[in-house]
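Next up, data_31.csv (CSV, C-alpha atoms (C1' of nucleotides)):
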chain,number,residue,atom,x,y,z
P,12,MET,CA,0.0,0.0,0.0
P,13,ASP,CA,0.7,3.1,0.1
P,14,ASN,CA,1.9,4.9,-2.7
P,15,ASP,CA,3.4,8.1,-1.5
P,16,ALA,CA,0.5,10.0,-2.9
P,17,PRO,CA,0.9,11.5,-6.2
P,18,PRO,CA,2.0,14.9,-5.1
P,19,ALA,CA,-1.3,16.7,-5.7
P,20,LEU,CA,-0.4,19.9,-7.2
P,21,ASP,CA,-3.0,21.8,-5.4
P,22,ALA,CA,-2.2,20.0,-2.1
P,23,VAL,CA,-2.6,22.2,0.9
P,24,VAL,CA,0.5,24.2,1.4
P,25,ASP,CA,1.2,26.0,4.7
P,26,LEU,CA,1.8,29.6,3.8
P,27,GLY,CA,3.3,30.3,7.2
P,28,PRO,CA,3.0,33.9,8.4
P,29,LEU,CA,2.2,35.2,4.9
P,30,PRO,CA,-1.6,35.3,5.2
P,31,GLY,CA,-1.2,37.5,8.3
P,32,LEU,CA,1.0,40.1,6.5
P,33,THR,CA,-0.7,43.2,5.4
P,34,GLY,CA,1.4,43.4,2.3
P,35,TYR,CA,0.8,39.9,1.2
P,36,ALA,CA,-3.0,40.1,1.6
P,37,LEU,CA,-3.0,43.4,-0.2
P,38,ARG,CA,-1.1,42.1,-3.1
P,39,ARG,CA,-3.3,39.1,-3.5
P,40,ALA,CA,-6.5,41.2,-3.3
P,41,GLN,CA,-5.1,43.8,-5.7
P,42,ILE,CA,-4.2,41.1,-8.2
P,43,ALA,CA,-7.7,39.6,-7.9
P,44,VAL,CA,-9.4,43.0,-8.3
P,45,PHE,CA,-7.2,44.1,-11.2
P,46,HIS,CA,-7.8,40.7,-12.9
P,47,ASP,CA,-11.5,41.4,-12.8
P,48,PHE,CA,-10.9,44.9,-14.0
P,49,HIS,CA,-8.9,43.7,-17.0
P,50,ARG,CA,-11.5,41.2,-17.9
P,51,THR,CA,-14.2,43.8,-17.6
P,52,MET,CA,-12.3,46.3,-19.8
P,53,GLU,CA,-11.0,43.7,-22.2
P,54,ALA,CA,-13.4,44.6,-25.0
P,55,GLU,CA,-12.7,48.3,-24.7
P,56,GLY,CA,-8.9,47.7,-24.5
P,57,ILE,CA,-8.4,50.0,-21.6
P,58,ARG,CA,-6.0,49.5,-18.8
P,59,THR,CA,-6.2,50.7,-15.2
P,60,ALA,CA,-3.7,53.6,-15.6
P,61,GLN,CA,-5.4,54.7,-18.8
P,62,PHE,CA,-8.7,54.7,-17.2
P,63,SER,CA,-7.5,56.7,-14.2
P,64,VAL,CA,-6.0,59.3,-16.6
P,65,LEU,CA,-9.3,59.6,-18.4
P,66,GLU,CA,-11.1,60.2,-15.2
P,67,VAL,CA,-8.7,62.9,-14.0
P,68,LEU,CA,-9.1,64.6,-17.4
P,69,LYS,CA,-12.8,64.5,-17.1
P,70,ALA,CA,-12.7,66.1,-13.7
P,71,ASN,CA,-10.0,68.6,-14.5
P,72,PRO,CA,-9.8,69.5,-18.1
P,73,GLY,CA,-6.8,71.4,-19.2
P,74,LEU,CA,-4.3,70.2,-16.6
P,75,ARG,CA,-0.7,69.8,-17.7
P,76,GLN,CA,1.0,66.5,-17.9
P,77,THR,CA,3.1,67.1,-14.9
P,78,GLN,CA,0.0,67.7,-12.8
P,79,VAL,CA,-1.9,64.7,-14.0
P,80,SER,CA,1.0,62.3,-13.6
P,81,PHE,CA,1.9,63.7,-10.2
P,82,ALA,CA,-1.7,63.4,-9.0
P,83,LEU,CA,-1.7,59.8,-10.1
P,84,GLY,CA,1.7,58.9,-8.9
P,85,ILE,CA,3.0,58.2,-12.4
P,86,LYS,CA,6.5,59.3,-13.5
P,87,THR,CA,6.2,61.9,-16.2
P,88,THR,CA,8.6,59.7,-18.2
P,89,ASN,CA,6.2,56.8,-18.2
P,90,PHE,CA,3.2,59.1,-18.6
P,91,VAL,CA,4.3,60.1,-22.1
P,92,PRO,CA,3.7,56.8,-23.9
P,93,LEU,CA,0.6,56.1,-21.9
P,94,PHE,CA,-0.9,59.3,-23.1
P,95,ASP,CA,0.4,58.9,-26.6
P,96,GLU,CA,-1.7,55.8,-26.8
P,97,LEU,CA,-4.8,57.6,-25.6
P,98,GLU,CA,-4.1,60.3,-28.2
P,99,ARG,CA,-3.5,57.8,-30.9
P,100,ARG,CA,-6.9,56.3,-30.2
P,101,GLY,CA,-8.5,59.7,-30.3
P,102,LEU,CA,-9.7,59.6,-26.7
P,103,ALA,CA,-7.7,62.5,-25.4
P,104,GLU,CA,-5.5,65.2,-26.7
P,105,ARG,CA,-2.7,67.6,-25.9
P,106,ARG,CA,-3.3,71.3,-26.6
P,107,PRO,CA,-0.9,74.2,-26.3
P,108,ILE,CA,-1.3,76.3,-23.2
P,109,PRO,CA,-1.5,80.0,-24.0
P,110,GLY,CA,1.0,81.5,-21.7
P,111,ASP,CA,3.6,78.7,-21.7
P,112,ARG,CA,5.0,77.1,-24.8
P,113,ARG,CA,6.7,74.3,-22.8
P,114,ALA,CA,3.5,73.0,-21.3
P,115,LYS,CA,0.6,71.2,-22.8
P,116,GLY,CA,-2.9,71.1,-21.5
P,117,LEU,CA,-4.7,67.7,-21.6
P,118,PHE,CA,-8.3,67.3,-22.6
P,119,LEU,CA,-10.7,64.5,-23.4
P,120,THR,CA,-12.0,64.5,-26.9
P,121,GLU,CA,-15.7,64.0,-27.6
P,122,ALA,CA,-14.9,60.4,-28.4
P,123,GLY,CA,-13.1,60.2,-25.1
P,124,ARG,CA,-16.0,61.5,-23.2
P,125,ALA,CA,-18.3,59.0,-24.9
P,126,THR,CA,-16.0,56.1,-24.3
P,127,LEU,CA,-15.5,57.1,-20.7
P,128,GLU,CA,-19.3,57.0,-20.2
P,129,ARG,CA,-19.3,53.4,-21.4
P,130,LEU,CA,-16.3,52.6,-19.2
P,131,GLU,CA,-17.9,54.0,-16.1
P,132,LYS,CA,-20.9,51.7,-16.6
P,133,LEU,CA,-18.5,48.7,-16.8
P,134,VAL,CA,-16.6,49.9,-13.8
P,135,ALA,CA,-19.8,50.2,-11.9
P,136,GLU,CA,-20.6,46.6,-12.6
P,137,HIS,CA,-17.1,45.6,-11.7
P,138,GLU,CA,-17.3,47.5,-8.5
P,139,ALA,CA,-20.7,46.0,-7.7
P,140,ARG,CA,-19.2,42.5,-7.8
P,141,PHE,CA,-17.0,43.4,-4.9
P,142,VAL,CA,-19.7,45.1,-3.0
P,143,ALA,CA,-21.7,41.8,-3.4
P,144,ARG,CA,-18.9,40.1,-1.6
P,145,ILE,CA,-18.2,42.4,1.3
P,146,GLY,CA,-21.3,44.6,1.4
P,147,ALA,CA,-21.5,48.4,1.1
P,148,ALA,CA,-20.5,48.7,4.8
P,149,GLY,CA,-17.6,46.4,4.2
P,150,LYS,CA,-16.4,48.5,1.3
P,151,ALA,CA,-16.7,51.7,3.2
P,152,GLN,CA,-14.6,50.1,6.0
P,153,LEU,CA,-12.1,48.8,3.5
P,154,LEU,CA,-11.7,52.2,1.8
P,155,GLY,CA,-11.3,53.9,5.2
P,156,LEU,CA,-8.6,51.4,6.3
P,157,LEU,CA,-6.8,51.6,3.0
P,158,HIS,CA,-6.7,55.4,3.0
P,159,ARG,CA,-5.3,55.3,6.5
P,160,LEU,CA,-2.6,53.0,5.3
P,161,THR,CA,-1.7,54.9,2.3
P,162,ASP,CA,-1.9,58.5,3.4
P,163,ARG,CA,1.7,59.7,3.8
P,164,THR,CA,3.3,56.4,4.6
P,165,PHE,CA,6.4,57.9,3.2
P,166,ASP,CA,6.8,61.2,1.6
P,167,PRO,CA,5.6,60.7,-1.9
P,168,ASP,CA,8.1,62.4,-3.9
P,169,ARG,CA,10.8,64.2,-5.2
P,170,SER,CA,12.8,64.3,-2.1
W,21,MET,CA,-3.6,91.8,-13.9
W,22,ASP,CA,-3.8,88.6,-12.9
W,23,ASN,CA,-1.2,86.2,-13.5
W,24,ASP,CA,-2.7,82.9,-14.1
W,25,ALA,CA,-1.1,81.5,-11.1
W,26,PRO,CA,2.1,79.5,-11.5
W,27,PRO,CA,0.5,76.0,-11.9
W,28,ALA,CA,1.6,74.6,-8.6
W,29,LEU,CA,2.6,71.1,-9.4
W,30,ASP,CA,1.1,69.7,-6.3
W,31,ALA,CA,-2.1,71.7,-6.7
W,32,VAL,CA,-5.2,69.9,-5.6
W,33,VAL,CA,-6.4,67.7,-8.4
W,34,ASP,CA,-9.9,66.2,-8.4
W,35,LEU,CA,-9.5,62.5,-8.8
W,36,GLY,CA,-13.1,62.1,-9.6
W,37,PRO,CA,-14.5,58.6,-8.7
W,38,LEU,CA,-11.1,57.0,-8.4
W,39,PRO,CA,-10.8,57.3,-4.6
W,40,GLY,CA,-14.1,55.4,-4.3
W,41,LEU,CA,-12.9,52.5,-6.4
W,42,THR,CA,-11.8,49.4,-4.6
W,43,GLY,CA,-9.1,48.7,-7.1
W,44,TYR,CA,-7.6,52.2,-7.0
W,45,ALA,CA,-7.5,52.3,-3.2
W,46,LEU,CA,-6.0,48.8,-3.1
W,47,ARG,CA,-3.3,49.7,-5.6
W,48,ARG,CA,-2.2,52.8,-3.8
W,49,ALA,CA,-2.1,51.0,-0.5
W,50,GLN,CA,-0.2,48.1,-1.9
W,51,ILE,CA,2.4,50.4,-3.4
W,52,ALA,CA,2.8,52.2,-0.1
W,53,VAL,CA,3.1,49.0,1.9
W,54,PHE,CA,5.5,47.4,-0.6
W,55,HIS,CA,7.6,50.6,-0.7
W,56,ASP,CA,8.0,50.3,3.0
W,57,PHE,CA,8.8,46.6,2.7
W,58,HIS,CA,11.5,47.3,0.1
W,59,ARG,CA,13.1,49.9,2.2
W,60,THR,CA,13.0,47.6,5.2
W,61,MET,CA,14.6,44.8,3.3
W,62,GLU,CA,17.0,46.9,1.3
W,63,ALA,CA,20.0,45.9,3.4
W,64,GLU,CA,19.3,42.3,3.1
W,65,GLY,CA,18.6,42.5,-0.6
W,66,ILE,CA,15.4,40.5,-0.4
W,67,ARG,CA,12.3,41.1,-2.4
W,68,THR,CA,8.7,40.2,-1.6
W,69,ALA,CA,8.5,37.2,-3.8
W,70,GLN,CA,11.8,35.8,-2.5
W,71,PHE,CA,10.7,36.3,1.0
W,72,SER,CA,7.4,34.5,0.4
W,73,VAL,CA,9.3,31.6,-1.1
W,74,LEU,CA,11.6,31.3,1.9
W,75,GLU,CA,8.6,31.3,4.3
W,76,VAL,CA,6.9,28.6,2.3
W,77,LEU,CA,10.0,26.5,2.4
W,78,LYS,CA,10.4,27.0,6.1
W,79,ALA,CA,6.8,25.8,6.7
W,80,ASN,CA,7.0,23.0,4.1
W,81,PRO,CA,10.4,21.6,3.5
W,82,GLY,CA,10.8,19.4,0.5
W,83,LEU,CA,8.0,20.7,-1.6
W,84,ARG,CA,8.5,20.6,-5.3
W,85,GLN,CA,8.8,23.6,-7.4
W,86,THR,CA,5.4,23.1,-8.9
W,87,GLN,CA,3.7,23.1,-5.6
W,88,VAL,CA,5.5,26.1,-4.2
W,89,SER,CA,4.9,28.2,-7.3
W,90,PHE,CA,1.3,27.2,-7.5
W,91,ALA,CA,0.7,28.0,-3.8
W,92,LEU,CA,2.2,31.5,-4.3
W,93,GLY,CA,0.5,32.1,-7.6
W,94,ILE,CA,3.8,32.3,-9.5
W,95,LYS,CA,4.1,30.7,-12.9
W,96,THR,CA,6.7,27.9,-12.8
W,97,THR,CA,8.4,29.6,-15.7
W,98,ASN,CA,9.0,32.7,-13.6
W,99,PHE,CA,9.8,30.8,-10.5
W,100,VAL,CA,12.9,29.3,-12.0
W,101,PRO,CA,15.1,32.4,-12.1
W,102,LEU,CA,13.7,33.5,-8.8
W,103,PHE,CA,14.8,30.4,-7.1
W,104,ASP,CA,18.1,30.3,-9.0
W,105,GLU,CA,18.9,33.6,-7.3
W,106,LEU,CA,18.1,32.2,-3.8
W,107,GLU,CA,20.2,29.1,-4.6
W,108,ARG,CA,23.0,31.3,-5.9
W,109,ARG,CA,23.0,33.2,-2.7
W,110,GLY,CA,23.1,30.0,-0.7
W,111,LEU,CA,19.8,30.5,1.0
W,112,ALA,CA,17.9,27.6,-0.4
W,113,GLU,CA,18.6,24.5,-2.5
W,114,ARG,CA,17.1,22.0,-4.9
W,115,ARG,CA,17.5,18.4,-4.0
W,116,PRO,CA,16.6,15.3,-6.0
W,117,ILE,CA,13.4,13.6,-4.9
W,118,PRO,CA,13.9,9.8,-4.4
W,119,GLY,CA,11.0,8.5,-6.4
W,120,ASP,CA,10.9,11.0,-9.3
W,121,ARG,CA,13.9,12.0,-11.2
W,122,ARG,CA,12.1,14.9,-12.9
W,123,ALA,CA,11.1,16.6,-9.7
W,124,LYS,CA,13.2,18.5,-7.3
W,125,GLY,CA,12.5,19.1,-3.7
W,126,LEU,CA,13.1,22.6,-2.3
W,127,PHE,CA,14.8,23.3,1.0
W,128,LEU,CA,16.2,26.1,3.1
W,129,THR,CA,19.9,25.9,3.8
W,130,GLU,CA,21.2,26.6,7.2
W,131,ALA,CA,22.2,30.1,6.0
W,132,GLY,CA,18.7,30.5,4.6
W,133,ARG,CA,17.1,29.6,7.9
W,134,ALA,CA,19.4,32.1,9.7
W,135,THR,CA,18.7,34.8,7.2
W,136,LEU,CA,15.0,34.2,7.4
W,137,GLU,CA,15.1,34.7,11.1
W,138,ARG,CA,16.6,38.1,10.6
W,139,LEU,CA,14.1,38.9,7.9
W,140,GLU,CA,11.2,37.9,10.1
W,141,LYS,CA,12.3,40.4,12.7
W,142,LEU,CA,12.5,43.1,10.1
W,143,VAL,CA,9.1,42.1,8.8
W,144,ALA,CA,7.6,42.3,12.2
W,145,GLU,CA,8.8,45.9,12.5
W,146,HIS,CA,7.5,46.7,9.1
W,147,GLU,CA,4.2,45.2,10.1
W,148,ALA,CA,4.1,47.1,13.3
W,149,ARG,CA,4.3,50.3,11.5
W,150,PHE,CA,1.0,49.6,9.9
W,151,VAL,CA,-0.6,48.3,13.0
W,152,ALA,CA,0.4,51.7,14.5
W,153,ARG,CA,-1.7,53.3,11.8
W,154,ILE,CA,-4.8,51.3,11.9
W,155,GLY,CA,-4.6,49.4,15.2
W,156,ALA,CA,-4.7,45.7,15.7
W,157,ALA,CA,-8.5,45.6,15.3
W,158,GLY,CA,-8.2,47.6,12.1
W,159,LYS,CA,-5.6,45.1,10.8
W,160,ALA,CA,-7.8,42.2,11.6
W,161,GLN,CA,-10.8,43.8,9.9
W,162,LEU,CA,-8.6,44.6,6.9
W,163,LEU,CA,-7.3,41.1,6.5
W,164,GLY,CA,-10.8,39.7,6.8
W,165,LEU,CA,-12.1,42.0,4.1
W,166,LEU,CA,-9.2,41.4,1.8
W,167,HIS,CA,-9.6,37.6,2.2
W,168,ARG,CA,-13.2,37.9,1.3
W,169,LEU,CA,-12.3,39.9,-1.8
W,170,THR,CA,-9.5,37.5,-2.9
W,171,ASP,CA,-11.0,34.2,-2.2
W,172,ARG,CA,-12.1,32.8,-5.6
W,173,THR,CA,-12.8,36.0,-7.3
W,174,PHE,CA,-12.2,34.1,-10.5
W,175,ASP,CA,-10.9,30.7,-11.0
W,176,PRO,CA,-7.4,30.8,-10.0
W,177,ASP,CA,-5.6,29.0,-12.5
W,178,ARG,CA,-4.4,27.5,-15.5
W,179,SER,CA,-6.9,26.5,-18.0
U,26,DT,C1',20.3,91.6,-22.8
U,27,DC,C1',21.6,87.8,-21.9
U,28,DA,C1',23.5,84.0,-19.1
U,29,DT,C1',22.1,80.8,-15.9
U,30,DG,C1',19.3,77.9,-13.8
U,31,DA,C1',14.8,75.9,-13.4
U,32,DC,C1',11.1,73.5,-15.6
U,33,DA,C1',7.9,70.7,-19.2
U,34,DG,C1',8.0,67.2,-22.0
U,35,DT,C1',10.5,63.5,-24.6
U,36,DG,C1',13.6,59.5,-25.7
U,37,DA,C1',16.4,55.6,-24.7
U,38,DT,C1',17.2,52.1,-21.6
U,39,DG,C1',17.2,48.6,-17.8
U,40,DG,C1',15.1,45.9,-14.0
U,41,DA,C1',11.2,43.3,-11.9
U,42,DC,C1',7.4,40.7,-12.9
U,43,DA,C1',3.8,38.1,-15.6
U,44,DA,C1',2.6,35.3,-19.5
U,45,DT,C1',3.1,32.2,-23.7
U,46,DA,C1',5.4,28.7,-26.6
U,47,DA,C1',8.3,25.1,-27.0
U,48,DC,C1',11.5,21.6,-25.4
U,49,DG,C1',14.1,17.5,-23.0
U,50,DA,C1',13.7,14.3,-19.6
U,51,DT,C1',11.0,11.5,-17.0
U,52,DC,C1',7.0,9.1,-15.3
U,53,DT,C1',2.3,6.6,-15.9
U,54,DG,C1',-1.3,3.9,-17.8
U,55,DC,C1',-2.9,1.0,-20.9
T,13,DG,C1',6.6,-0.5,-24.8
T,14,DC,C1',4.2,3.5,-26.4
T,15,DA,C1',1.2,7.7,-25.9
T,16,DG,C1',0.3,11.2,-23.2
T,17,DA,C1',0.9,13.7,-19.1
T,18,DT,C1',4.2,16.0,-15.8
T,19,DC,C1',8.4,18.6,-14.1
T,20,DG,C1',11.6,21.7,-14.8
T,21,DT,C1',13.8,24.7,-18.0
T,22,DT,C1',14.9,28.1,-21.9
T,23,DA,C1',13.6,31.8,-24.8
T,24,DT,C1',10.8,35.5,-25.8
T,25,DT,C1',7.4,39.1,-25.1
T,26,DG,C1',4.9,42.9,-22.9
T,27,DT,C1',3.8,45.8,-18.9
T,28,DC,C1',5.1,48.7,-15.3
T,29,DC,C1',8.3,51.5,-12.8
T,30,DA,C1',12.7,53.9,-12.4
T,31,DT,C1',17.0,56.5,-14.0
T,32,DC,C1',19.6,59.3,-17.1
T,33,DA,C1',20.3,62.4,-20.6
T,34,DC,C1',18.5,65.8,-23.8
T,35,DT,C1',15.6,69.7,-26.1
T,36,DG,C1',13.1,73.6,-25.9
T,37,DT,C1',11.2,77.2,-23.1
T,38,DC,C1',10.7,80.2,-19.1
T,39,DA,C1',12.3,83.4,-15.5
T,40,DT,C1',15.7,85.9,-12.9
T,41,DG,C1',19.0,89.0,-12.0
T,42,DA,C1',23.6,90.9,-13.0
Can you give me the file's structure in the form of structure tokens?
Amino acid sequence: MDNDAPPALDAVVDLGPLPGLTGYALRRAQIAVFHDFHRTMEAEGIRTAQFSVLEVLKANPGLRQTQVSFALGIKTTNFVPLFDELERRGLAERRPIPGDRRAKGLFLTEAGRATLERLEKLVAEHEARFVARIGAAGKAQLLGLLHRLTDRTFDPDRS
Amino acid sequence: MDNDAPPALDAVVDLGPLPGLTGYALRRAQIAVFHDFHRTMEAEGIRTAQFSVLEVLKANPGLRQTQVSFALGIKTTNFVPLFDELERRGLAERRPIPGDRRAKGLFLTEAGRATLERLEKLVAEHEARFVARIGAAGKAQLLGLLHRLTDRTFDPDRS
DNA sequence: TCATGACAGTGATGGACAATAACGATCTGC
DNA sequence: GCAGATCGTTATTGTCCATCACTGTCATGA
């Protein structure tokens, strides 16, 4: 008897202290949520960072690149190709800023506004799936805790 | 009159619906926590994935690569160089498994065990910083909520 | 006025991390 | 003993984040 058990790839593995670590739990949850987000947005071909840029543009038309990328915690360097893509797809655009020829103001296009409306519906459904899991109260609690964690954990920036 | 105000790079920017989205809040928190982790581990030169592997090995000596990577949600493909590095640094090792010449069992070395003990102290301090922010009860709540979010959001795997 | 330094945006590049495709060696079941 | 699955590996690709170096523009003050 006794085969030594064919190793069962999904055998129960003791993760030790990992499940009790904030960072580990956060990472797993973030992966799960983003995975759902990506699947939700698959048809539209929009990724998280792109979506967040569109939202910021909607709320603050005319901001310069520096401001948008700073607000979202994206290096301006990396922001460039990200926005290039949005511009290439006709969802947003750079316009010259009257008083400063270095800077460029960022705006949604009409197509961008329309697209964003569709996206927001999808995001609402996406979000609803999580509320279904933890309840509205749970979500409120979660957001509160996360904000307390995030808020100035370290100084965010350029020295 | 009226200068149009020098744009103030950290001017208040309206993030629209983003702060209310689970995924956005999670991402920001995760970045903050990992940033702290990286700074904490900087001296030891250990990254999150490596740490998690070491912990799993400590809790389950002799597991095969497939099992460890599956348990941690890492593709075996990507697991290889990760473990190579741990082996190169003498913290862990692959050993042949008696009944199966394809498979390799993974173990901590003595050095690995010693290192891990130091790491765990650092991680405890790291963790304590967050408990200081949200309290022990807050952390318990947070972990509970995160687990409920994570747990089978989508089917976890291959296929 | 013009030289210097700061600033906005861009390009090129590299590291960490995830995913896919394909392969050699080995095991398993029929 | 052969077909098909499994284990580990290589190679390759794409995304994300970071650093460095550069251009063009501005602002200041000597």
Counting all atoms listed in the file, which residues of chain T fall within 8 Å of chain P, and what is the closest atom pair for each with its distance in Å at one decimal, ordered by chain and rising number, as JSON lines?
{"residue": "T:DC29", "atom": "C1'", "partner": "P:Asn89", "partner_atom": "CA", "distance": 7.9}
{"residue": "T:DG36", "atom": "C1'", "partner": "P:Arg113", "partner_atom": "CA", "distance": 7.1}
{"residue": "T:DT37", "atom": "C1'", "partner": "P:Arg113", "partner_atom": "CA", "distance": 5.4}
{"residue": "T:DC38", "atom": "C1'", "partner": "P:Asp111", "partner_atom": "CA", "distance": 7.7}
Spatial neighbours of W:Glu75, 8 Å, all atoms listed in the file, chain gap at least 5 places, as a PDB file with C-alpha atoms, keeping the file's coordinate frame:
ATOM      1  CA  LEU P  26       1.800  29.600   3.800  1.00  0.00           C
ATOM      2  CA  GLY P  27       3.300  30.300   7.200  1.00  0.00           C
ATOM      3  CA  PRO P  28       3.000  33.900   8.400  1.00  0.00           C
ATOM      4  CA  LEU P  29       2.200  35.200   4.900  1.00  0.00           C
TER       5      LEU P  29
ATOM      6  CA  LEU W 136      15.000  34.200   7.400  1.00  0.00           C
TER       7      LEU W 136
END
* Asked: Mind listing as a ChimeraX atom specification which residues of chain W are within 8 Å of chain P, counting all atoms listed in the file?
  -> /W:29-31,33-38,40-43,45-50,52-54,56,72,75-76,78-80,86-88,90-91,147,150,153-154,158-159,162-163,165-170,173-174
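Each of U:DC52, U:DA47, U:DA28, U:DA37 was checked against chain W using only C-alpha atoms (C1' of nucleotides); the smallest atom-to-atom distance is that of U:DC52.
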* Residue hits in chain U, query chain W, radius 8 Å, all atoms listed in the file, as an NGL selection string -> :U and (43 or 50-52)
* **Spatial neighbours of P:Arg105, max dist 9 Å, all atoms listed in the file, sep filter under 6 positions, as a ChimeraX atom specification** => /P:73,75-76,94,98,115-119
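Here atom CA of W:Glu105 stands at a distance of 14.5 Å from atom C1' of U:DG40.
Interatomic distance, atom CA of W:His58 to atom CA of W:Leu139: 11.8 Å.
Between atom CA of P:Glu104 and atom CA of P:Pro92 the separation is 12.8 Å.
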